[in-house]
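With mmCIF, C-alpha atoms inside, this is coords07.cif:
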```cif
data_final
#
loop_
_atom_site.label_atom_id
_atom_site.label_comp_id
_atom_site.auth_asym_id
_atom_site.auth_seq_id
_atom_site.Cartn_x
_atom_site.Cartn_y
_atom_site.Cartn_z
CA MET T 9 131.31 121.81 122.67
CA GLY T 10 128.10 119.83 122.52
CA GLU T 11 125.72 119.08 119.67
CA SER T 12 127.22 117.89 116.39
CA ALA T 13 127.30 120.48 113.61
CA VAL T 14 125.94 117.81 111.24
CA GLY T 15 123.50 115.00 111.89
CA THR T 16 121.45 117.34 114.05
CA ARG T 17 118.31 115.21 113.60
CA GLY T 18 119.98 111.84 113.74
CA ARG T 19 123.29 110.05 113.26
CA PHE T 20 122.49 106.57 112.00
CA ALA T 21 125.10 103.85 112.36
CA VAL T 22 124.75 101.48 109.40
CA ILE T 23 126.13 97.97 109.82
CA ALA T 24 126.98 96.44 106.44
CA PRO T 25 129.13 93.64 105.03
CA SER T 26 132.45 94.79 103.57
CA THR T 27 131.23 93.44 100.22
CA ASN T 28 128.13 95.66 100.08
CA THR T 29 128.15 98.53 97.57
CA VAL T 30 124.42 99.31 97.40
CA VAL T 31 122.99 100.08 100.84
CA GLU T 32 125.01 103.26 101.40
CA HIS T 33 124.07 104.46 97.91
CA ASP T 34 120.38 103.85 98.58
CA PHE T 35 120.39 105.61 101.94
CA ALA T 36 122.30 108.58 100.50
CA MET T 37 119.66 108.99 97.76
CA VAL T 38 116.92 109.46 100.35
CA ALA T 39 118.96 111.17 103.10
CA PRO T 40 116.48 113.26 105.12
CA ALA T 41 117.79 116.71 105.99
CA GLY T 42 119.80 116.67 109.19
CA VAL T 43 120.45 112.91 109.16
CA THR T 44 123.91 111.44 108.60
CA PHE T 45 124.96 107.83 107.99
CA HIS T 46 128.06 106.22 109.46
CA THR T 47 129.02 102.75 108.29
CA GLY T 48 130.54 99.99 110.35
CA ARG T 49 131.72 97.29 107.93
CA MET T 50 131.79 93.60 108.74
CA TYR T 51 134.86 92.04 107.14
CA ILE T 52 134.03 89.26 104.68
CA GLU T 53 137.15 87.29 103.81
CA ASN T 54 135.49 84.81 101.44
CA PRO T 55 132.53 86.20 99.47
CA ASP T 56 131.59 82.91 97.78
CA LEU T 57 127.87 82.07 97.96
CA GLY T 58 127.57 79.31 95.39
CA ASP T 59 125.57 76.85 97.49
CA ASP T 60 123.85 76.41 100.84
CA ALA T 61 127.05 75.46 102.67
CA GLU T 62 128.90 78.52 101.39
CA PHE T 63 125.98 80.75 102.36
CA GLU T 64 125.98 79.42 105.92
CA ARG T 65 129.76 79.84 106.08
CA LEU T 66 129.40 83.49 105.08
CA LEU T 67 126.82 83.98 107.83
CA GLY T 68 129.41 82.58 110.21
CA GLU T 69 131.81 85.29 109.09
CA ILE T 70 129.14 87.93 109.69
CA ARG T 71 128.46 86.62 113.19
CA GLN T 72 132.16 86.83 114.01
CA SER T 73 132.70 90.30 112.59
CA ILE T 74 129.52 92.13 113.55
CA ARG T 75 130.65 92.82 117.10
CA ILE T 76 133.79 94.50 115.81
CA ALA T 77 131.79 96.58 113.32
CA ILE T 78 129.45 97.75 116.07
CA ARG T 79 132.37 98.41 118.42
CA ASP T 80 134.04 100.61 115.84
CA VAL T 81 131.04 102.58 114.62
CA ILE T 82 129.72 103.53 118.05
CA THR T 83 132.89 105.62 118.55
CA ALA T 84 131.17 108.10 116.17
CA LYS T 85 128.47 108.52 118.85
CA PRO T 86 125.53 107.57 116.64
CA THR T 87 121.99 108.02 117.88
CA TYR T 88 120.46 104.92 116.27
CA MET T 89 121.52 101.59 114.75
CA VAL T 90 120.42 100.48 111.27
CA MET T 91 121.15 97.03 109.89
CA GLY T 92 122.40 97.34 106.32
CA MET T 93 122.43 93.54 106.05
CA SER T 94 119.37 91.35 106.05
CA ALA T 95 119.86 87.56 105.88
CA GLU T 96 120.90 87.23 109.51
CA THR T 97 117.88 89.24 110.66
CA PHE T 98 115.51 86.65 109.18
CA TRP T 99 117.37 83.68 110.66
CA GLY T 100 115.46 81.79 113.30
CA GLY T 101 112.09 83.34 112.48
CA VAL T 102 110.43 86.07 114.51
CA GLU T 103 112.15 85.06 117.75
CA GLY T 104 115.52 84.89 116.00
CA ASN T 105 115.11 88.46 114.79
CA ARG T 106 114.08 89.66 118.24
CA ALA T 107 117.09 87.95 119.80
CA PHE T 108 119.35 89.53 117.17
CA GLU T 109 117.94 92.97 117.90
CA GLN T 110 118.48 92.49 121.62
CA ARG T 111 122.11 91.48 121.11
CA VAL T 112 122.67 94.69 119.12
CA ARG T 113 120.97 96.77 121.83
CA ASP T 114 123.01 95.12 124.56
CA GLN T 115 126.30 95.87 122.82
CA SER T 116 125.55 99.31 121.39
CA GLY T 117 123.18 100.78 123.94
CA LEU T 118 121.02 101.96 121.03
CA GLU T 119 117.72 101.00 119.49
CA VAL T 120 117.92 99.27 116.12
CA SER T 121 116.01 98.73 112.88
CA THR T 122 116.45 95.42 111.07
CA GLY T 123 115.32 94.48 107.60
CA ALA T 124 113.07 91.76 108.96
CA SER T 125 111.19 94.05 111.35
CA ALA T 126 111.03 96.82 108.76
CA CYS T 127 109.47 94.62 106.09
CA GLU T 128 106.99 93.20 108.58
CA ASP T 129 105.89 96.65 109.73
CA ALA T 130 105.70 98.00 106.18
CA LEU T 131 103.46 95.12 105.11
CA ARG T 132 101.17 95.77 108.07
CA CYS T 133 100.88 99.43 107.05
CA PHE T 134 99.48 98.27 103.72
CA GLY T 135 97.24 95.62 105.23
CA ALA T 136 98.93 92.94 103.11
CA GLU T 137 98.12 89.33 103.92
CA ARG T 138 99.46 87.25 101.04
CA ILE T 139 102.93 88.10 99.76
CA SER T 140 105.65 86.97 97.38
CA VAL T 141 109.33 87.48 98.15
CA PHE T 142 112.53 87.41 96.14
CA SER T 143 116.14 87.47 97.27
CA PRO T 144 119.72 87.08 96.01
CA TYR T 145 120.10 84.09 98.33
CA GLN T 146 120.54 80.34 98.21
CA PRO T 147 117.65 78.00 99.22
CA VAL T 148 118.86 77.63 102.83
CA ALA T 149 118.31 81.36 103.38
CA ASP T 150 115.06 81.54 101.43
CA THR T 151 113.68 78.88 103.77
CA GLN T 152 114.48 81.16 106.71
CA VAL T 153 112.85 84.13 104.98
CA ARG T 154 109.67 82.16 104.33
CA GLU T 155 109.55 80.95 107.92
CA PHE T 156 109.96 84.47 109.29
CA PHE T 157 107.05 85.82 107.28
CA ASN T 158 104.89 82.79 108.06
CA GLN T 159 105.54 83.24 111.77
CA ALA T 160 104.77 86.96 111.45
CA GLY T 161 101.31 86.00 110.20
CA PHE T 162 101.60 86.38 106.44
CA SER T 163 100.67 83.86 103.79
CA VAL T 164 103.71 83.39 101.54
CA ALA T 165 102.84 82.51 97.97
CA ASN T 166 106.40 82.38 96.66
CA VAL T 167 109.98 82.85 97.82
CA THR T 168 112.59 82.71 95.08
CA GLY T 169 116.29 83.39 95.20
CA LEU T 170 118.52 84.70 92.43
CA ARG T 171 121.25 82.31 93.65
CA CYS T 172 124.02 84.88 93.29
CA PRO T 173 127.42 83.14 93.25
CA THR T 174 129.22 85.68 95.45
CA ALA T 175 128.35 88.45 97.87
CA THR T 176 129.68 91.08 95.47
CA ALA T 177 127.77 89.58 92.53
CA ILE T 178 124.51 90.54 94.23
CA ALA T 179 125.19 94.15 93.23
CA GLU T 180 125.69 93.05 89.62
CA VAL T 181 122.05 91.98 89.12
CA HIS T 182 120.36 94.37 86.67
CA PRO T 183 116.70 95.43 86.27
CA PRO T 184 115.72 93.06 83.42
CA GLU T 185 116.63 90.02 85.50
CA ILE T 186 114.73 91.38 88.49
CA ALA T 187 111.70 92.24 86.34
CA ALA T 188 111.55 88.65 85.13
CA VAL T 189 111.63 87.34 88.70
CA VAL T 190 108.88 89.72 89.84
CA ASP T 191 106.74 88.68 86.89
CA GLU T 192 107.25 85.04 87.87
CA ILE T 193 106.22 85.46 91.52
CA ASP T 194 103.39 87.97 91.11
CA ALA T 195 99.76 86.86 90.91
CA ALA T 196 96.30 88.32 91.27
CA ASP T 197 95.98 86.98 94.82
CA VAL T 198 99.36 88.42 95.94
CA ASP T 199 98.87 91.63 97.93
CA ALA T 200 102.51 92.77 97.95
CA ILE T 201 105.96 91.95 96.63
CA VAL T 202 108.94 92.05 99.01
CA GLN T 203 112.63 92.21 98.08
CA VAL T 204 115.29 91.19 100.60
CA GLY T 205 119.08 91.39 100.36
CA THR T 206 120.56 94.84 100.95
CA ASN T 207 123.21 94.59 98.22
CA LEU T 208 120.55 94.13 95.54
CA SER T 209 119.85 97.39 93.70
CA PHE T 210 116.07 97.70 93.53
CA VAL T 211 114.90 101.04 94.92
CA ALA T 212 114.04 102.88 91.69
CA GLN T 213 112.67 99.75 90.05
CA ALA T 214 110.45 98.98 93.03
CA ALA T 215 108.80 102.41 92.77
CA GLU T 216 108.19 101.85 89.05
CA LEU T 217 106.74 98.39 89.64
CA GLU T 218 104.34 99.73 92.27
CA ARG T 219 102.79 101.95 89.63
CA GLU T 220 102.78 99.18 87.04
CA LEU T 221 101.37 96.43 89.28
CA ASN T 222 99.15 98.68 91.42
CA LYS T 223 100.30 97.02 94.65
CA PRO T 224 103.04 97.62 97.24
CA VAL T 225 106.52 96.56 96.13
CA ILE T 226 108.81 96.82 99.12
CA ALA T 227 112.55 97.34 98.64
CA ILE T 228 114.27 96.33 101.86
CA ASN T 229 116.69 99.27 101.99
CA ILE T 230 113.85 101.79 101.74
CA ALA T 231 111.75 99.87 104.27
CA THR T 232 114.64 99.78 106.73
CA LEU T 233 115.38 103.48 106.39
CA TRP T 234 111.66 104.28 106.72
CA HIS T 235 111.53 102.15 109.87
CA ALA T 236 114.53 103.96 111.37
CA MET T 237 113.13 107.37 110.51
CA ARG T 238 109.75 106.70 112.06
CA ALA T 239 111.33 105.10 115.14
CA THR T 240 113.34 108.27 115.73
CA GLY T 241 110.48 110.71 115.21
CA LEU T 242 111.24 111.73 111.64
CA GLN T 243 107.76 111.89 110.15
CA GLU T 244 108.22 113.63 106.80
CA LYS T 245 106.84 111.88 103.74
CA ILE T 246 109.38 111.54 100.91
CA SER T 247 108.27 111.05 97.31
CA GLY T 248 109.98 109.13 94.55
CA PHE T 249 111.17 106.10 96.46
CA GLY T 250 108.04 104.04 96.90
CA ARG T 251 104.71 104.19 98.67
CA ILE T 252 105.95 103.29 102.14
CA LEU T 253 107.89 106.56 102.39
CA GLU T 254 105.23 108.55 100.56
CA GLU T 255 102.18 107.34 102.49
CA HIS T 256 103.19 106.08 105.95
#
```

Rewrite the coordinates I just gave you, this time as C-alpha cells.
Amino acid sequence: MGESAVGTRGRFAVIAPSTNTVVEHDFAMVAPAGVTFHTGRMYIENPDLGDDAEFERLLGEIRQSIRIAIRDVITAKPTYMVMGMSAETFWGGVEGNRAFEQRVRDQSGLEVSTGASACEDALRCFGAERISVFSPYQPVADTQVREFFNQAGFSVANVTGLRCPTATAIAEVHPPEIAAVVDEIDAADVDAIVQVGTNLSFVAQAAELERELNKPVIAINIATLWHAMRATGLQEKISGFGRILEEH
C-alpha cells in the first residue's frame, strides 16, 4: 500500500460553501490528467444575501464552518488546498488574505491557493495595471474587493456587484446579464476584467469575451485552479478556458 491509484499528480481539497453548485463543475471541466478534486463543504444554514447585513452574517457562518470543512476533507489525504469560495479571501485587504492563508496552512498542514492571490498573480502575468471587477456581492463585499486590489497595487476603475438575493441565486445568473455588466464596466483604459464569486458561472463566457474585447478577462475559478496547478508543478498549458491557462 502506498501511492493512490488516482490523483497521482495531485489530490486537491476544495473548500466550498454548501450552497455552491458551480466551482466543482468548473474544476471538473478543466481537470488535468492525474489530478482529483475532493470537496469539503461549509454548511450554510441561511443563504439570504439581500443586503450588507445579511452578507456579513453569511460570512460569519463561513468562518464558523470552515474549520469543520477542512477537518473533514483532510481525512482524504489531499496534497494541496484550494479555496472554492472567494469573498472571505478578499476581506481585510492583502494582509487579510495572507492571514487567512496562514490559518488554513496552520490547520491543514498544506499550502493553499485563494481566489484573491490567484487573481492578483494572474493580473501580474498579463502586466495589467488598471482593472474593472464584477461580483455577485452586496456593496459591503465589493468595498473589500476594491480595497484588496488597490492594496495589491492595481488601479480599480469599477467594482460592481450583481446584488444576488441568496447564495444559491448566484448560480442562477445567466450570460446576457453578465454581458451587460461587463459592457458597463469595460473601457478603453481598462487593461483587464476580473470576475469574483465562485458560484457565478462565467468560465466559457470569459474566454469568449477575451476574444471579443482583446484583453484578459479573468474568471476566478479558472484563475484559482491555474494558481494551484502552477504552485504544485503542473505546467501544462490548457486551451479553451481562457488566456491565463493557455499562455502562463

- Which of T:Leu57, T:Ala227, T:Ala236, T:Cys172 sits closest to Leu118 in chain T [using only C-alpha atoms]: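 Result for the nearest residue to Leu118 in chain T: T:Ala236.
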
Val148 in chain T: which residues within 8 Å, counting all atoms listed in the file, same-chain residues fewer than 3 positions away excluded, as a PDB file with C-alpha atoms, in the coordinates of the input?
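Writing the result to selection.pdb gives the following:
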```pdb
ATOM      1  CA  ASP T  60     123.850  76.410 100.840  1.00  0.00           C
ATOM      2  CA  PHE T  63     125.980  80.750 102.360  1.00  0.00           C
ATOM      3  CA  GLU T  64     125.980  79.420 105.920  1.00  0.00           C
ATOM      4  CA  TYR T 145     120.100  84.090  98.330  1.00  0.00           C
ATOM      5  CA  THR T 151     113.680  78.880 103.770  1.00  0.00           C
ATOM      6  CA  GLN T 152     114.480  81.160 106.710  1.00  0.00           C
TER       7      GLN T 152
END
```

- Picked residues, the PyMOL selection byres ((chain T and resi 84-94) around 7), expected as a VMD selection string: chain T and resid 18 to 25 31 81 to 83 95 to 98 118 to 124 204 to 206 236

- Message: One decimal, in Å: what's the spacing between CA of Val30 in chain T and CA of Ala215 in chain T?
- Response: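 CA of Val30 in chain T sits 16.6 Å away from CA of Ala215 in chain T.
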
- Counting all atoms listed in the file, the option among T:Ala149, T:Ala179, T:Ala136, T:Ala188 closest to Gly101 in chain T: T:Ala149

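Compared by their closest atoms to Met237 in chain T, and using only C-alpha atoms, the residues T:Arg17, T:Trp99, T:Ser26, T:Glu128 rank with T:Arg17 nearest.
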
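Counting from CA of Asp150 in chain T, the distance to CA of Phe162 in chain T is 15.2 Å.
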
- Item | Point (98.9, 85.1, 93.7), cut-off 10 Å, counting all atoms listed in the file, residues as a PyMOL selection string | chain T and resi 138-140+164-166+193-200

- Item | Gap from CA of Thr176 in chain T to CA of His235 in chain T - Å, one decimal |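 Separation of CA of Thr176 in chain T and CA of His235 in chain T: 25.7 Å.
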
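Nearest residue to Ala212 in chain T, choosing from T:Ser247, T:Thr44, T:Thr27, T:Asn105 and counting all atoms listed in the file: T:Ser247.
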
- Message: Using the chain letters and numbers from this file, what does the PyMOL selection byres ((chain T and resi 238) around 12) select? Give the answer as a VMD selection string.
- Response: chain T and resid 18 40 88 120 to 121 126 129 to 130 231 to 237 239 to 245 252 to 253 256

- Message: Please list as a list in words every residue within 12 Å of Glu69 in chain T, counting only C-alpha atoms and excluding residues in the same chain fewer than 2 positions away.
- Response: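 Final neighbour list, sorted by chain and number: Pro25, Ser26, Met50, Tyr51, Ile52, Glu53, Asn54, Pro55, Asp56, Glu62, Phe63, Glu64, Arg65, Leu66, Leu67, Arg71, Gln72, Ser73, Ile74, Arg75, Ile76 and Glu96 of chain T.
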
- Task: Using only C-alpha atoms, pick whichever of T:Arg111, T:Glu218, T:Asn158, T:Pro144 has the shortest atom-to-atom distance to Val181 in chain T.
- Result: T:Pro144

- Task: Determine the residue set returned by the PyMOL selection byres ((chain T and resi 189) around 10) for the present structure, and present it as an NGL selection string.
- Result: :T and (141-143 or 168-170 or 183-188 or 190-194)

- Could you tell me which of T:Ile246, T:Val102, T:Val211, T:Val112 comes closest to Phe157 in chain T if we count only C-alpha atoms?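 Smallest distance to Phe157 in chain T is found for T:Val102.
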
- Query: So which residues touch His182 in chain T within 10 Å, counting only C-alpha atoms, skipping near sequence neighbours fewer than 5 positions away, as a VMD selection string?
  - Reply: chain T and resid 187 208 to 210 213

- Task: Please provide as a PyMOL selection string all residues within 10 Å of Gly100 in chain T, with the sequence filter that same-chain residues fewer than 5 positions apart are discarded (counting all atoms listed in the file).
- Result: chain T and resi 105-108+152-153+155-156

Can you write out the residues you just picked, keeping C-alpha atoms, as a PDB file, in the frame of the given file?
```pdb
ATOM      1  CA  ASN T 105     115.110  88.460 114.790  1.00  0.00           C
ATOM      2  CA  ARG T 106     114.080  89.660 118.240  1.00  0.00           C
ATOM      3  CA  ALA T 107     117.090  87.950 119.800  1.00  0.00           C
ATOM      4  CA  PHE T 108     119.350  89.530 117.170  1.00  0.00           C
ATOM      5  CA  GLN T 152     114.480  81.160 106.710  1.00  0.00           C
ATOM      6  CA  VAL T 153     112.850  84.130 104.980  1.00  0.00           C
ATOM      7  CA  GLU T 155     109.550  80.950 107.920  1.00  0.00           C
ATOM      8  CA  PHE T 156     109.960  84.470 109.290  1.00  0.00           C
TER       9      PHE T 156
END
```

Since the input lacks some atoms of range 54-82 of chain T, please model N, CA and C atoms and print them as a PDB file, keeping the file's coordinate frame.
```pdb
ATOM      1  N   ASN T  54     135.831  85.665 102.583  1.00  0.00           N
ATOM      2  CA  ASN T  54     135.490  84.810 101.440  1.00  0.00           C
ATOM      3  C   ASN T  54     134.064  85.110 101.010  1.00  0.00           C
ATOM      4  N   PRO T  55     133.877  85.784  99.871  1.00  0.00           N
ATOM      5  CA  PRO T  55     132.530  86.200  99.470  1.00  0.00           C
ATOM      6  C   PRO T  55     131.730  85.143  98.709  1.00  0.00           C
ATOM      7  N   ASP T  56     132.277  83.928  98.566  1.00  0.00           N
ATOM      8  CA  ASP T  56     131.590  82.910  97.780  1.00  0.00           C
ATOM      9  C   ASP T  56     130.246  82.530  98.401  1.00  0.00           C
ATOM     10  N   LEU T  57     129.223  82.409  97.515  1.00  0.00           N
ATOM     11  CA  LEU T  57     127.870  82.070  97.960  1.00  0.00           C
ATOM     12  C   LEU T  57     127.237  81.023  97.040  1.00  0.00           C
ATOM     13  N   GLY T  58     128.050  80.172  96.460  1.00  0.00           N
ATOM     14  CA  GLY T  58     127.570  79.310  95.390  1.00  0.00           C
ATOM     15  C   GLY T  58     126.594  78.227  95.774  1.00  0.00           C
ATOM     16  N   ASP T  59     126.516  77.876  97.061  1.00  0.00           N
ATOM     17  CA  ASP T  59     125.570  76.850  97.490  1.00  0.00           C
ATOM     18  C   ASP T  59     125.186  77.092  98.939  1.00  0.00           C
ATOM     19  N   ASP T  60     124.344  76.225  99.471  1.00  0.00           N
ATOM     20  CA  ASP T  60     123.850  76.410 100.840  1.00  0.00           C
ATOM     21  C   ASP T  60     124.983  76.438 101.857  1.00  0.00           C
ATOM     22  N   ALA T  61     125.945  75.538 101.701  1.00  0.00           N
ATOM     23  CA  ALA T  61     127.050  75.460 102.670  1.00  0.00           C
ATOM     24  C   ALA T  61     127.866  76.749 102.660  1.00  0.00           C
ATOM     25  N   GLU T  62     128.132  77.280 101.470  1.00  0.00           N
ATOM     26  CA  GLU T  62     128.900  78.520 101.390  1.00  0.00           C
ATOM     27  C   GLU T  62     128.104  79.693 101.986  1.00  0.00           C
ATOM     28  N   PHE T  63     126.797  79.686 101.787  1.00  0.00           N
ATOM     29  CA  PHE T  63     125.980  80.750 102.360  1.00  0.00           C
ATOM     30  C   PHE T  63     126.042  80.713 103.878  1.00  0.00           C
ATOM     31  N   GLU T  64     125.920  79.530 104.462  1.00  0.00           N
ATOM     32  CA  GLU T  64     125.980  79.420 105.920  1.00  0.00           C
ATOM     33  C   GLU T  64     127.373  79.768 106.437  1.00  0.00           C
ATOM     34  N   ARG T  65     128.418  79.444 105.664  1.00  0.00           N
ATOM     35  CA  ARG T  65     129.760  79.840 106.080  1.00  0.00           C
ATOM     36  C   ARG T  65     129.900  81.346 106.109  1.00  0.00           C
ATOM     37  N   LEU T  66     129.327  82.039 105.089  1.00  0.00           N
ATOM     38  CA  LEU T  66     129.400  83.490 105.080  1.00  0.00           C
ATOM     39  C   LEU T  66     128.662  84.088 106.275  1.00  0.00           C
ATOM     40  N   LEU T  67     127.524  83.505 106.637  1.00  0.00           N
ATOM     41  CA  LEU T  67     126.820  83.980 107.830  1.00  0.00           C
ATOM     42  C   LEU T  67     127.693  83.820 109.072  1.00  0.00           C
ATOM     43  N   GLY T  68     128.477  82.754 109.100  1.00  0.00           N
ATOM     44  CA  GLY T  68     129.410  82.580 110.210  1.00  0.00           C
ATOM     45  C   GLY T  68     130.416  83.712 110.273  1.00  0.00           C
ATOM     46  N   GLU T  69     130.888  84.162 109.113  1.00  0.00           N
ATOM     47  CA  GLU T  69     131.810  85.290 109.090  1.00  0.00           C
ATOM     48  C   GLU T  69     131.134  86.556 109.618  1.00  0.00           C
ATOM     49  N   ILE T  70     129.885  86.761 109.219  1.00  0.00           N
ATOM     50  CA  ILE T  70     129.140  87.930 109.690  1.00  0.00           C
ATOM     51  C   ILE T  70     128.995  87.893 111.208  1.00  0.00           C
ATOM     52  N   ARG T  71     128.667  86.725 111.742  1.00  0.00           N
ATOM     53  CA  ARG T  71     128.460  86.620 113.190  1.00  0.00           C
ATOM     54  C   ARG T  71     129.748  86.883 113.963  1.00  0.00           C
ATOM     55  N   GLN T  72     130.880  86.568 113.349  1.00  0.00           N
ATOM     56  CA  GLN T  72     132.160  86.830 114.010  1.00  0.00           C
ATOM     57  C   GLN T  72     132.557  88.297 113.938  1.00  0.00           C
ATOM     58  N   SER T  73     132.196  88.947 112.817  1.00  0.00           N
ATOM     59  CA  SER T  73     132.700  90.300 112.590  1.00  0.00           C
ATOM     60  C   SER T  73     131.737  91.405 113.008  1.00  0.00           C
ATOM     61  N   ILE T  74     130.479  91.070 113.270  1.00  0.00           N
ATOM     62  CA  ILE T  74     129.520  92.130 113.550  1.00  0.00           C
ATOM     63  C   ILE T  74     129.836  92.863 114.855  1.00  0.00           C
ATOM     64  N   ARG T  75     130.332  92.146 115.835  1.00  0.00           N
ATOM     65  CA  ARG T  75     130.650  92.820 117.100  1.00  0.00           C
ATOM     66  C   ARG T  75     131.750  93.847 116.919  1.00  0.00           C
ATOM     67  N   ILE T  76     132.717  93.541 116.068  1.00  0.00           N
ATOM     68  CA  ILE T  76     133.790  94.500 115.810  1.00  0.00           C
ATOM     69  C   ILE T  76     133.252  95.708 115.058  1.00  0.00           C
ATOM     70  N   ALA T  77     132.368  95.472 114.081  1.00  0.00           N
ATOM     71  CA  ALA T  77     131.790  96.580 113.320  1.00  0.00           C
ATOM     72  C   ALA T  77     130.994  97.509 114.229  1.00  0.00           C
ATOM     73  N   ILE T  78     130.214  96.928 115.133  1.00  0.00           N
ATOM     74  CA  ILE T  78     129.450  97.750 116.070  1.00  0.00           C
ATOM     75  C   ILE T  78     130.391  98.493 117.018  1.00  0.00           C
ATOM     76  N   ARG T  79     131.385  97.779 117.515  1.00  0.00           N
ATOM     77  CA  ARG T  79     132.370  98.410 118.420  1.00  0.00           C
ATOM     78  C   ARG T  79     132.984  99.642 117.786  1.00  0.00           C
ATOM     79  N   ASP T  80     133.355  99.507 116.508  1.00  0.00           N
ATOM     80  CA  ASP T  80     134.040 100.610 115.840  1.00  0.00           C
ATOM     81  C   ASP T  80     133.103 101.778 115.554  1.00  0.00           C
ATOM     82  N   VAL T  81     131.905 101.494 115.061  1.00  0.00           N
ATOM     83  CA  VAL T  81     131.040 102.580 114.620  1.00  0.00           C
ATOM     84  C   VAL T  81     130.463 103.378 115.786  1.00  0.00           C
ATOM     85  N   ILE T  82     130.305 102.765 116.947  1.00  0.00           N
ATOM     86  CA  ILE T  82     129.720 103.530 118.050  1.00  0.00           C
ATOM     87  C   ILE T  82     130.693 104.583 118.592  1.00  0.00           C
TER      88      ILE T  82
END
```
